[in-house]
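Visitor: A single structure is presented below for examination.
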Amino acid sequence: MLGWMRKQTRSWFVYIAFGIIIIVFILMYGFPQEGQRDGAFVAQVNNQKITRRQYNELYENMLMFSRNLYKRSLTEKEIKQLRQRALDSLVEQVLVIQEAARLGLEVSREEVKREIANTPLFQSEGMFNRELYLRQLGARRMTPGEYERAVSTEMLVSKLVGVLQNTTKLSDRELYELYRLESEKVNLRFLKLDASNFEDAAEVSQEEVVAHHEKTRENYRMPARVKVRYLSFEPKRYREKVEIGPEEIEGFYRVNEDRFMQEKKIRARHILIKVKKEGDDRAEGDAQKKAEDTRKKIEEGEAFSQLAKKLSQDAASASKGGDLGYFARGQMVEGFDDAAFSLKPGEVSPVVKTPLGFHIIKVEDIQEGGPAPLEKVGDVIEEELRVEKAEARSREEASLAIGRIYRSGDMAGYAKEHGLVVQETGFFSGDEPTREFGINKDFNDAALLLRTDETSPIIRLGEKYLIIQMVERKEPYVPSLEEVEAKVKKAVRGEKAKKAAKEKAERLLAELASGTTMDQTAKREHLIPEETGLFTRGSMYIHKIGPSEELLREAFSLTPEKPLPGKAYGIKDDYYLVKLKKRIGADREKFQAEKVKLRKRLLAQKRDEGVKLWIKGLKEKAAIEIELTI
């Protein structure tokens, strides 16, 4: 919310964790004071609690941002990483705010006022407009006090980060070294040994299965599983019940007038005479003469629309008397716009040449640009307000319900009284999908935290608000060998195959080190030599091989004199024999030409790294308790 209201973000969160998102929930709700109840807490930082509500708010904002950024649903792994990032970010923000307080940094009320007054969103004709400020906050359901505290928090953290960053320097020697490390590239040639190709030869005895199960039985532990009941409060239930007054529609229109701006449009007809043969001067001359003759007929009084039907060579518009309908600038071919938009209603243009041929244009009507009339967009505004109010109503109804259910514990009674339906899930674990919501970590985590008959805080899932109550819980247990024998046998076979692949890769590497060429080895072993292509130290992923920090480091230690690494690299379930194919060093001339730009960019990187290291130091010294299982 704050990020939406600010033209430029300066939050410390830019420097850690998640790019450009601001932690909005903390600015609206603040951290709970000692003794304040705000649902279960997910972490405690130096005796300061972070509640599940605060965590959920941040996670939902980050999830929405990610989906909008990537234009797809996130994978389970990405969601898990996002959840961890949300928790880490909360802990880090608490630490930074605590450190700012310890150092005695403050933001004065005057500084906050100046910052708000300079926010373009709250300005009218370049000046702060208090009425506009209050309307904008009201539209986002924030009070001035809440927003001002949010701005104060952001400015305080920004001050502290600014102090840290201003101490960072970068010498020319450091600059070149960073440039060298960043710009050097290598290309590796490699052979791949797929471990799965060794599985058929891997024999597995029952004794090995039993022994493996004894050693790894905890790996097969079945997680806790729960069954819950829940009430769902959905905006669609309330959308027809909310009332939208004319004054609300008009107020929304005034605040968001820029959303309803219309471009200037004209309605025109044209007659098109095409050139029969491109690049032929005679054909072009004939087409122009025909267009000029047609223009004279219009001057003599013949109807434009009738001539268009008979003579125009634009198949799409000729049958309609040349009518092109309404269009804005930029929608027509080059040259046509300037001529058409220079005419008044009823005027006919001279002959106009465009890449399509020769045109005669007549303007029928002009719609001036500007804001669309309220009566034209009122229905759109009413629908948007209805959706927003219905969402707020569903949240209010959930809040009323949870108070009653907390006191009575009777979800079924409340549902019956208010015409709601209590729904019940089957058993599920933290990583299992439910029939109702699929794999949804927010729902699953909230459910698994409950004890029998305990009621959760309000959980938001998309547009819905849920209240969950535990029905039954099955505790985690380690299954017997009989229950997981097939999985254990597969694991043993996989380990044996991987070991065989590794042993063969090491033998082949020894051959390469003794002088056998990679092509000779590939031909004998029926392998296909491949290349990674050039990559830098900053590569997260080595093309055709995968992620391996260890291989990435060793690749840049290889030289033409020592092209082979000291071992075969196991990545996932495969082993790789690699050899340096090409290495490209840093270009000193290019460095000198780009030195100024590089200093600016690399200094920013160094500053960001400095902030991360500082926060890491705060974490190491802090007393941090994590209660949330990601």
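Quick note on naming: the chains in the structure tokens go A, B, ... in the order shown, residues restart at 1 in each chain, and ligands are numbered from 1 in order of appearance.
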When DSSP is applied to the backbone of this structure, which of range 388-490 of chain A are assigned helix (DSSP H, G or I)? Write them out as JSON, numbers by chain.
Guide: {"A": [388, 389, 390, 391, 392, 393, 394, 395, 396, 397, 398, 399, 400, 401, 402, 403, 404, 405, 406, 407, 408, 411, 412, 413, 414, 415, 416, 417, 441, 442, 443, 444, 445, 446, 447, 448, 481, 482, 483, 484, 485, 486, 487, 488, 489, 490]}
Visitor: With N, CA and C atoms retained, write the just-selected residues as a tab-separated table (two decimals), in the first residue's frame.
Guide:
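Just written: selection_24.tsv:
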chain	number	residue	atom	x	y	z
A	388	GLU	N	-15.17	-4.08	-4.07
A	388	GLU	CA	-14.35	-3.66	-2.92
A	388	GLU	C	-15.15	-3.73	-1.62
A	389	LYS	N	-16.39	-3.25	-1.66
A	389	LYS	CA	-17.22	-3.26	-0.45
A	389	LYS	C	-17.60	-4.68	-0.05
A	390	ALA	N	-17.85	-5.53	-1.04
A	390	ALA	CA	-18.20	-6.92	-0.74
A	390	ALA	C	-17.03	-7.63	-0.08
A	391	GLU	N	-15.82	-7.32	-0.52
A	391	GLU	CA	-14.62	-7.92	0.10
A	391	GLU	C	-14.50	-7.43	1.54
A	392	ALA	N	-14.72	-6.12	1.75
A	392	ALA	CA	-14.64	-5.57	3.11
A	392	ALA	C	-15.74	-6.16	4.00
A	393	ARG	N	-16.92	-6.36	3.43
A	393	ARG	CA	-18.04	-6.92	4.20
A	393	ARG	C	-17.73	-8.36	4.60
A	394	SER	N	-17.13	-9.12	3.68
A	394	SER	CA	-16.82	-10.51	4.01
A	394	SER	C	-15.81	-10.57	5.15
A	395	ARG	N	-14.86	-9.64	5.15
A	395	ARG	CA	-13.88	-9.58	6.25
A	395	ARG	C	-14.57	-9.19	7.56
A	396	GLU	N	-15.49	-8.22	7.50
A	396	GLU	CA	-16.21	-7.79	8.71
A	396	GLU	C	-17.05	-8.93	9.27
A	397	GLU	N	-17.72	-9.67	8.37
A	397	GLU	CA	-18.55	-10.78	8.83
A	397	GLU	C	-17.69	-11.87	9.48
A	398	ALA	N	-16.51	-12.11	8.89
A	398	ALA	CA	-15.60	-13.09	9.47
A	398	ALA	C	-15.13	-12.63	10.85
A	399	SER	N	-14.87	-11.32	10.99
A	399	SER	CA	-14.43	-10.78	12.29
A	399	SER	C	-15.51	-10.91	13.34
A	400	LEU	N	-16.77	-10.64	12.97
A	400	LEU	CA	-17.88	-10.80	13.92
A	400	LEU	C	-18.02	-12.27	14.32
A	401	ALA	N	-17.90	-13.15	13.31
A	401	ALA	CA	-18.09	-14.58	13.58
A	401	ALA	C	-17.02	-15.12	14.51
A	402	ILE	N	-15.78	-14.70	14.30
A	402	ILE	CA	-14.70	-15.30	15.08
A	402	ILE	C	-14.80	-14.91	16.55
A	403	GLY	N	-15.30	-13.69	16.81
A	403	GLY	CA	-15.49	-13.30	18.21
A	403	GLY	C	-16.48	-14.19	18.92
A	404	ARG	N	-17.58	-14.47	18.24
A	404	ARG	CA	-18.63	-15.33	18.82
A	404	ARG	C	-18.13	-16.76	18.98
A	405	ILE	N	-17.45	-17.27	17.95
A	405	ILE	CA	-17.00	-18.67	17.98
A	405	ILE	C	-15.89	-18.86	19.00
A	406	TYR	N	-15.02	-17.87	19.17
A	406	TYR	CA	-13.99	-17.95	20.21
A	406	TYR	C	-14.62	-18.11	21.59
A	407	ARG	N	-15.69	-17.35	21.81
A	407	ARG	CA	-16.32	-17.37	23.14
A	407	ARG	C	-17.10	-18.66	23.38
A	408	SER	N	-17.84	-19.09	22.33
A	408	SER	CA	-18.73	-20.24	22.53
A	408	SER	C	-18.13	-21.57	22.09
A	411	MET	N	-19.13	-23.54	16.35
A	411	MET	CA	-19.14	-23.10	14.95
A	411	MET	C	-20.43	-23.48	14.27
A	412	ALA	N	-20.92	-24.68	14.54
A	412	ALA	CA	-22.15	-25.15	13.89
A	412	ALA	C	-23.34	-24.27	14.27
A	413	GLY	N	-23.41	-23.89	15.56
A	413	GLY	CA	-24.52	-23.05	16.01
A	413	GLY	C	-24.50	-21.69	15.35
A	414	TYR	N	-23.30	-21.10	15.23
A	414	TYR	CA	-23.19	-19.79	14.58
A	414	TYR	C	-23.58	-19.88	13.11
A	415	ALA	N	-23.13	-20.95	12.46
A	415	ALA	CA	-23.44	-21.13	11.04
A	415	ALA	C	-24.94	-21.25	10.82
A	416	LYS	N	-25.61	-22.04	11.65
A	416	LYS	CA	-27.05	-22.23	11.51
A	416	LYS	C	-27.79	-20.92	11.70
A	417	GLU	N	-27.37	-20.15	12.68
A	417	GLU	CA	-28.03	-18.87	13.00
A	417	GLU	C	-27.90	-17.86	11.86
A	441	LYS	N	-0.34	-23.67	1.40
A	441	LYS	CA	0.44	-23.71	2.62
A	441	LYS	C	-0.18	-22.88	3.74
A	442	ASP	N	-0.83	-21.76	3.38
A	442	ASP	CA	-1.44	-20.93	4.42
A	442	ASP	C	-2.54	-21.71	5.15
A	443	PHE	N	-3.40	-22.37	4.37
A	443	PHE	CA	-4.48	-23.14	4.95
A	443	PHE	C	-3.91	-24.32	5.74
A	444	ASN	N	-2.99	-25.06	5.12
A	444	ASN	CA	-2.44	-26.25	5.78
A	444	ASN	C	-1.71	-25.89	7.07
A	445	ASP	N	-0.89	-24.84	7.03
A	445	ASP	CA	-0.14	-24.45	8.23
A	445	ASP	C	-1.07	-24.02	9.35
A	446	ALA	N	-2.08	-23.22	8.99
A	446	ALA	CA	-3.02	-22.75	10.02
A	446	ALA	C	-3.73	-23.93	10.67
A	447	ALA	N	-4.11	-24.92	9.86
A	447	ALA	CA	-4.81	-26.09	10.38
A	447	ALA	C	-3.92	-26.92	11.29
A	448	LEU	N	-2.67	-27.13	10.87
A	448	LEU	CA	-1.76	-28.00	11.62
A	448	LEU	C	-1.32	-27.39	12.95
A	481	LEU	N	8.64	-51.38	7.83
A	481	LEU	CA	9.28	-51.68	6.56
A	481	LEU	C	8.26	-52.17	5.55
A	482	GLU	N	7.29	-52.97	5.99
A	482	GLU	CA	6.28	-53.51	5.07
A	482	GLU	C	5.53	-52.38	4.34
A	483	GLU	N	5.29	-51.27	5.05
A	483	GLU	CA	4.53	-50.17	4.45
A	483	GLU	C	5.33	-49.42	3.38
A	484	VAL	N	6.66	-49.39	3.53
A	484	VAL	CA	7.47	-48.57	2.61
A	484	VAL	C	8.54	-49.38	1.88
A	485	GLU	N	8.38	-50.69	1.83
A	485	GLU	CA	9.43	-51.55	1.27
A	485	GLU	C	9.78	-51.18	-0.17
A	486	ALA	N	8.77	-50.89	-0.97
A	486	ALA	CA	9.04	-50.55	-2.38
A	486	ALA	C	9.89	-49.28	-2.48
A	487	LYS	N	9.59	-48.30	-1.64
A	487	LYS	CA	10.37	-47.05	-1.65
A	487	LYS	C	11.80	-47.30	-1.19
A	488	VAL	N	11.96	-48.13	-0.17
A	488	VAL	CA	13.30	-48.41	0.35
A	488	VAL	C	14.13	-49.14	-0.70
A	489	LYS	N	13.53	-50.13	-1.35
A	489	LYS	CA	14.24	-50.89	-2.38
A	489	LYS	C	14.68	-49.97	-3.53
A	490	LYS	N	13.80	-49.05	-3.91
A	490	LYS	CA	14.14	-48.09	-4.98
A	490	LYS	C	15.30	-47.19	-4.55
Visitor: Considering only C-alpha atoms, return as a PyMOL selection string whatever protein or nucleic-acid residues lie within 10 Å of Ser183 in chain A, sequence-local ones (same chain, fewer than 4 positions apart) excluded.
Guide: chain A and resi 177-179+535-538+584-587+591
Visitor: So which residues of range 198-372 of chain A fall under strand (DSSP E or B) by DSSP, listed as a PyMOL selection string?
Guide: chain A and resi 222+225-233+261-262+265-273+323-328+348+352-354+357-367+370-371
Visitor: Take the residues from that selection and write them out as a CSV table (one decimal), in the first residue's frame, keeping N, CA and C atoms.
Guide:
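What follows is the written file result-v3.csv:
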chain,number,residue,atom,x,y,z
A,222,MET,N,6.0,-40.5,8.5
A,222,MET,CA,4.7,-39.9,8.1
A,222,MET,C,4.4,-38.7,8.9
A,225,ARG,N,-1.2,-35.5,10.4
A,225,ARG,CA,-2.3,-35.3,9.4
A,225,ARG,C,-3.5,-34.8,10.3
A,226,VAL,N,-4.3,-33.9,9.7
A,226,VAL,CA,-5.4,-33.4,10.4
A,226,VAL,C,-6.7,-33.3,9.5
A,227,LYS,N,-7.8,-33.3,10.2
A,227,LYS,CA,-9.1,-33.1,9.6
A,227,LYS,C,-9.7,-31.9,10.3
A,228,VAL,N,-10.2,-30.9,9.5
A,228,VAL,CA,-10.7,-29.7,10.0
A,228,VAL,C,-12.1,-29.4,9.4
A,229,ARG,N,-12.9,-28.6,10.2
A,229,ARG,CA,-14.1,-27.9,9.7
A,229,ARG,C,-13.8,-26.5,9.5
A,230,TYR,N,-14.6,-25.8,8.6
A,230,TYR,CA,-14.3,-24.4,8.4
A,230,TYR,C,-15.6,-23.7,7.9
A,231,LEU,N,-15.6,-22.4,8.2
A,231,LEU,CA,-16.6,-21.5,7.6
A,231,LEU,C,-15.9,-20.6,6.6
A,232,SER,N,-16.6,-20.3,5.5
A,232,SER,CA,-16.0,-19.5,4.4
A,232,SER,C,-16.8,-18.3,4.2
A,233,PHE,N,-16.2,-17.1,4.2
A,233,PHE,CA,-16.9,-15.8,4.0
A,233,PHE,C,-16.3,-15.3,2.7
A,261,MET,N,-9.5,9.0,-18.6
A,261,MET,CA,-9.2,9.9,-19.7
A,261,MET,C,-9.4,9.2,-21.0
A,262,GLN,N,-9.9,10.0,-22.0
A,262,GLN,CA,-10.2,9.4,-23.3
A,262,GLN,C,-9.3,10.2,-24.3
A,265,LYS,N,-10.7,11.4,-30.7
A,265,LYS,CA,-11.0,10.5,-31.8
A,265,LYS,C,-11.7,11.3,-32.9
A,266,ILE,N,-11.6,10.8,-34.1
A,266,ILE,CA,-12.4,11.3,-35.2
A,266,ILE,C,-13.1,10.2,-36.0
A,267,ARG,N,-14.2,10.5,-36.6
A,267,ARG,CA,-14.8,9.6,-37.5
A,267,ARG,C,-14.6,10.1,-38.9
A,268,ALA,N,-14.1,9.2,-39.8
A,268,ALA,CA,-13.8,9.7,-41.1
A,268,ALA,C,-14.1,8.6,-42.2
A,269,ARG,N,-14.3,9.1,-43.4
A,269,ARG,CA,-14.4,8.3,-44.6
A,269,ARG,C,-13.2,8.5,-45.5
A,270,HIS,N,-12.9,7.5,-46.3
A,270,HIS,CA,-11.8,7.8,-47.3
A,270,HIS,C,-12.1,7.0,-48.5
A,271,ILE,N,-11.4,7.5,-49.6
A,271,ILE,CA,-11.4,6.8,-50.9
A,271,ILE,C,-9.9,6.4,-51.2
A,272,LEU,N,-9.6,5.2,-51.4
A,272,LEU,CA,-8.2,4.7,-51.6
A,272,LEU,C,-8.0,4.3,-53.1
A,273,ILE,N,-7.0,4.9,-53.7
A,273,ILE,CA,-6.6,4.5,-55.0
A,273,ILE,C,-5.2,3.9,-54.9
A,323,ASP,N,-16.5,4.5,-44.9
A,323,ASP,CA,-16.6,4.8,-43.4
A,323,ASP,C,-15.5,3.9,-42.6
A,324,LEU,N,-14.7,4.6,-41.9
A,324,LEU,CA,-13.6,4.0,-41.1
A,324,LEU,C,-14.0,3.9,-39.6
A,325,GLY,N,-15.2,4.5,-39.3
A,325,GLY,CA,-15.5,4.6,-37.9
A,325,GLY,C,-14.7,5.6,-37.1
A,326,TYR,N,-14.7,5.5,-35.8
A,326,TYR,CA,-13.9,6.4,-34.9
A,326,TYR,C,-12.5,5.8,-34.7
A,327,PHE,N,-11.5,6.6,-34.7
A,327,PHE,CA,-10.1,6.1,-34.4
A,327,PHE,C,-9.3,7.3,-33.8
A,328,ALA,N,-8.3,6.9,-33.0
A,328,ALA,CA,-7.4,7.8,-32.4
A,328,ALA,C,-6.1,7.9,-33.2
A,348,VAL,N,-13.0,18.1,-46.6
A,348,VAL,CA,-12.3,17.0,-47.4
A,348,VAL,C,-10.9,17.3,-47.6
A,352,VAL,N,-3.8,12.6,-50.5
A,352,VAL,CA,-2.8,12.2,-49.5
A,352,VAL,C,-2.1,10.9,-49.9
A,353,LYS,N,-0.8,11.0,-49.9
A,353,LYS,CA,0.0,9.8,-50.3
A,353,LYS,C,0.4,9.0,-49.0
A,354,THR,N,0.2,7.7,-49.0
A,354,THR,CA,0.7,6.9,-47.9
A,354,THR,C,1.3,5.6,-48.5
A,357,GLY,N,-1.1,3.9,-50.9
A,357,GLY,CA,-1.6,4.5,-52.1
A,357,GLY,C,-2.0,5.9,-51.9
A,358,PHE,N,-3.0,6.3,-52.7
A,358,PHE,CA,-3.5,7.7,-52.6
A,358,PHE,C,-4.9,7.8,-52.0
A,359,HIS,N,-5.0,8.7,-51.0
A,359,HIS,CA,-6.3,8.8,-50.3
A,359,HIS,C,-6.9,10.1,-50.4
A,360,ILE,N,-8.3,10.1,-50.4
A,360,ILE,CA,-9.0,11.4,-50.2
A,360,ILE,C,-9.8,11.1,-48.9
A,361,ILE,N,-9.7,12.0,-47.9
A,361,ILE,CA,-10.3,11.8,-46.6
A,361,ILE,C,-11.3,12.9,-46.3
A,362,LYS,N,-12.4,12.4,-45.7
A,362,LYS,CA,-13.5,13.4,-45.3
A,362,LYS,C,-13.8,13.1,-43.8
A,363,VAL,N,-13.7,14.1,-42.9
A,363,VAL,CA,-14.0,13.9,-41.5
A,363,VAL,C,-15.5,14.2,-41.3
A,364,GLU,N,-16.1,13.2,-40.6
A,364,GLU,CA,-17.6,13.3,-40.3
A,364,GLU,C,-17.8,13.9,-38.9
A,365,ASP,N,-17.0,13.5,-38.0
A,365,ASP,CA,-17.3,13.9,-36.6
A,365,ASP,C,-16.0,13.9,-35.8
A,366,ILE,N,-15.9,14.7,-34.7
A,366,ILE,CA,-14.7,14.7,-33.8
A,366,ILE,C,-15.2,14.6,-32.4
A,367,GLN,N,-14.6,13.6,-31.7
A,367,GLN,CA,-14.8,13.5,-30.2
A,367,GLN,C,-13.5,14.0,-29.5
A,370,GLY,N,-10.2,13.9,-23.3
A,370,GLY,CA,-10.5,14.4,-21.9
A,370,GLY,C,-11.2,13.3,-21.1
A,371,PRO,N,-11.5,13.6,-19.9
A,371,PRO,CA,-12.2,12.6,-19.0
A,371,PRO,C,-13.5,12.2,-19.6
Visitor: Would you please work out which residue, of A:Ala308, A:His212, A:Glu620, A:Arg524, is nearest to Ala291 in chain A when using only C-alpha atoms?
Guide: A:Ala308
Visitor: Of the residues A:Ala195, A:Ala303, A:Val377, A:Leu508, which is the one nearest to Glu495 in chain A, using only C-alpha atoms?
Guide: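 Closest to Glu495 in chain A, using only C-alpha atoms: A:Ala195.
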Visitor: Which is closer to Glu384 in chain A than all the others in A:Arg102, A:Gln136, A:Glu300, A:Arg239, using only C-alpha atoms?
Guide: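 Smallest distance to Glu384 in chain A is found for A:Arg239.
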Visitor: At what distance in Å, to one decimal, does CA of Glu284 in chain A lie from CA of Pro355 in chain A?
Guide: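 About the pair CA of Pro355 in chain A and CA of Glu284 in chain A: they are 11.5 Å apart.
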Visitor: Just checking: using only C-alpha atoms, which residue out of A:Val94, A:Ile298, A:Leu188, A:Ile79 ends up closest to Leu552 in chain A?
Guide: A:Leu188
Visitor: Between A:Val422, A:Asn118, A:Gly245, A:Glu432, which has the minimum distance to Leu466 in chain A (counting only C-alpha atoms)?
Guide: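 Among the listed residues, the smallest separation from Leu466 in chain A belongs to A:Val422.
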Visitor: Could you list, as a CSV table (one decimal) with N, CA and C atoms, in the first residue's frame, every residue within 8 Å of Glu463 in chain A, counting only C-alpha atoms and ignoring same-chain residues fewer than 3 positions away?
Guide:
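In the end it all went to around27.csv:
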chain,number,residue,atom,x,y,z
A,234,GLU,N,-17.2,-15.3,1.6
A,234,GLU,CA,-16.8,-15.0,0.3
A,234,GLU,C,-17.5,-13.7,-0.1
A,235,PRO,N,-16.8,-12.8,-0.8
A,235,PRO,CA,-17.4,-11.5,-1.3
A,235,PRO,C,-18.6,-11.7,-2.1
A,391,GLU,N,-15.8,-7.3,-0.5
A,391,GLU,CA,-14.6,-7.9,0.1
A,391,GLU,C,-14.5,-7.4,1.5
A,460,ARG,N,-6.9,-15.6,5.3
A,460,ARG,CA,-7.3,-15.1,4.0
A,460,ARG,C,-6.7,-16.0,2.9
Visitor: Any idea what the distance is between CA of Leu343 in chain A and CA of Leu374 in chain A?
Guide: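 So the answer is 28.6 Å.
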Visitor: In Å, how far is it from CA of Ala522 in chain A to CA of Leu191 in chain A?
Guide: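 According to the coordinates, CA of Ala522 in chain A and CA of Leu191 in chain A are separated by 7.3 Å.
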Visitor: Which residues are near range 608-618 of chain A? Cut-off 8 Å, only C-alpha atoms, ignore same chain within fewer than 2 positions. Put them as JSON, numbers by chain.
Guide: {"A": [15, 16, 92, 95, 96, 161, 164, 165, 168, 604, 605, 606, 620, 621, 622]}
Visitor: Keeping C-alpha atoms, export the residues of the selection given above as a PDB file, in the first residue's frame.
Guide:
ATOM      1  CA  TYR A  15      18.671  -3.983  -0.305  1.00  0.00           C
ATOM      2  CA  ILE A  16      17.786  -7.371   1.097  1.00  0.00           C
ATOM      3  CA  GLU A  92      15.438  -8.485   9.547  1.00  0.00           C
ATOM      4  CA  LEU A  95      16.357  -6.049  13.911  1.00  0.00           C
ATOM      5  CA  VAL A  96      16.912  -2.930  11.812  1.00  0.00           C
ATOM      6  CA  VAL A 161      20.680   2.278   5.668  1.00  0.00           C
ATOM      7  CA  LEU A 164      25.751   2.559   6.396  1.00  0.00           C
ATOM      8  CA  GLN A 165      26.016   2.939   2.648  1.00  0.00           C
ATOM      9  CA  THR A 168      31.382   2.339   1.499  1.00  0.00           C
ATOM     10  CA  ALA A 604      25.936   0.054  -5.484  1.00  0.00           C
ATOM     11  CA  GLN A 605      26.535  -3.711  -5.347  1.00  0.00           C
ATOM     12  CA  LYS A 606      29.254  -3.315  -2.733  1.00  0.00           C
ATOM     13  CA  GLU A 620      24.167 -13.470  14.860  1.00  0.00           C
ATOM     14  CA  LYS A 621      24.060 -11.301  17.994  1.00  0.00           C
ATOM     15  CA  ALA A 622      20.264 -11.388  18.426  1.00  0.00           C
TER      16      ALA A 622
END
Visitor: Compile the contact shell of Leu175 in chain A as a PyMOL selection string: residues with an atom at most 8 Å away, counting only C-alpha atoms, same-chain residues fewer than 3 positions apart removed.
Guide: chain A and resi 170-172+178-179+598-599+602
Visitor: Take the selection from the previous step and output its residues with N, CA and C atoms, as an mmCIF file, in the first residue's frame.
Guide:
data_model
loop_
_atom_site.group_PDB
_atom_site.id
_atom_site.type_symbol
_atom_site.label_atom_id
_atom_site.label_comp_id
_atom_site.auth_asym_id
_atom_site.auth_seq_id
_atom_site.Cartn_x
_atom_site.Cartn_y
_atom_site.Cartn_z
ATOM 1 N N LEU A 170 35.272 2.485 -2.977
ATOM 2 C CA LEU A 170 35.736 1.507 -3.960
ATOM 3 C C LEU A 170 36.955 2.078 -4.686
ATOM 4 N N SER A 171 38.151 1.491 -4.447
ATOM 5 C CA SER A 171 39.380 1.969 -5.100
ATOM 6 C C SER A 171 39.429 1.473 -6.542
ATOM 7 N N ASP A 172 40.326 2.084 -7.346
ATOM 8 C CA ASP A 172 40.486 1.663 -8.748
ATOM 9 C C ASP A 172 40.941 0.203 -8.833
ATOM 10 N N LEU A 178 37.064 -6.450 -9.350
ATOM 11 C CA LEU A 178 35.652 -6.834 -9.433
ATOM 12 C C LEU A 178 35.228 -6.994 -10.895
ATOM 13 N N TYR A 179 35.705 -6.072 -11.752
ATOM 14 C CA TYR A 179 35.394 -6.156 -13.181
ATOM 15 C C TYR A 179 35.959 -7.445 -13.773
ATOM 16 N N LEU A 598 30.805 1.395 -14.574
ATOM 17 C CA LEU A 598 31.096 0.253 -13.709
ATOM 18 C C LEU A 598 31.209 0.672 -12.252
ATOM 19 N N ARG A 599 31.869 1.806 -12.021
ATOM 20 C CA ARG A 599 32.029 2.276 -10.637
ATOM 21 C C ARG A 599 30.663 2.507 -9.994
ATOM 22 N N LEU A 602 28.994 -1.109 -9.572
ATOM 23 C CA LEU A 602 29.665 -1.995 -8.628
ATOM 24 C C LEU A 602 29.720 -1.400 -7.229
#
Visitor: Which residues are close to Asp286 in chain A, i.e. within 10 Å by only C-alpha atoms, leaving aside same-chain residues fewer than 3 positions away? Reply as a compact mmCIF listing (two decimals) with N, CA and C atoms, in the first residue's frame.
Guide:
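What landed in selection37.txt:
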# COMPACT_ATOMS: atom_id res chain seq x y z
N ILE A 273 -7.02 4.89 -53.70
CA ILE A 273 -6.62 4.46 -55.04
C ILE A 273 -5.22 3.87 -54.91
N LYS A 274 -5.09 2.56 -55.17
CA LYS A 274 -3.82 1.89 -55.00
C LYS A 274 -2.94 2.04 -56.23
N VAL A 275 -1.61 1.91 -56.02
CA VAL A 275 -0.65 1.91 -57.12
C VAL A 275 -0.53 0.47 -57.61
N LYS A 276 -0.77 0.25 -58.90
CA LYS A 276 -0.82 -1.13 -59.41
C LYS A 276 0.51 -1.85 -59.32
N ASP A 281 7.04 4.45 -61.71
CA ASP A 281 6.66 5.86 -61.72
C ASP A 281 5.38 6.11 -62.52
N ARG A 282 5.25 5.40 -63.63
CA ARG A 282 4.06 5.60 -64.47
C ARG A 282 2.80 5.12 -63.75
N ALA A 283 2.89 3.96 -63.10
CA ALA A 283 1.74 3.42 -62.35
C ALA A 283 1.38 4.36 -61.21
N LYS A 289 -3.34 10.61 -60.59
CA LYS A 289 -4.27 11.33 -61.46
C LYS A 289 -5.71 10.88 -61.21
N LYS A 290 -5.90 9.56 -61.02
CA LYS A 290 -7.25 9.05 -60.76
C LYS A 290 -7.79 9.62 -59.43
N ALA A 291 -6.89 9.72 -58.43
CA ALA A 291 -7.30 10.27 -57.15
C ALA A 291 -7.66 11.75 -57.29
N GLU A 292 -6.84 12.52 -58.07
CA GLU A 292 -7.13 13.95 -58.27
C GLU A 292 -8.45 14.14 -59.01
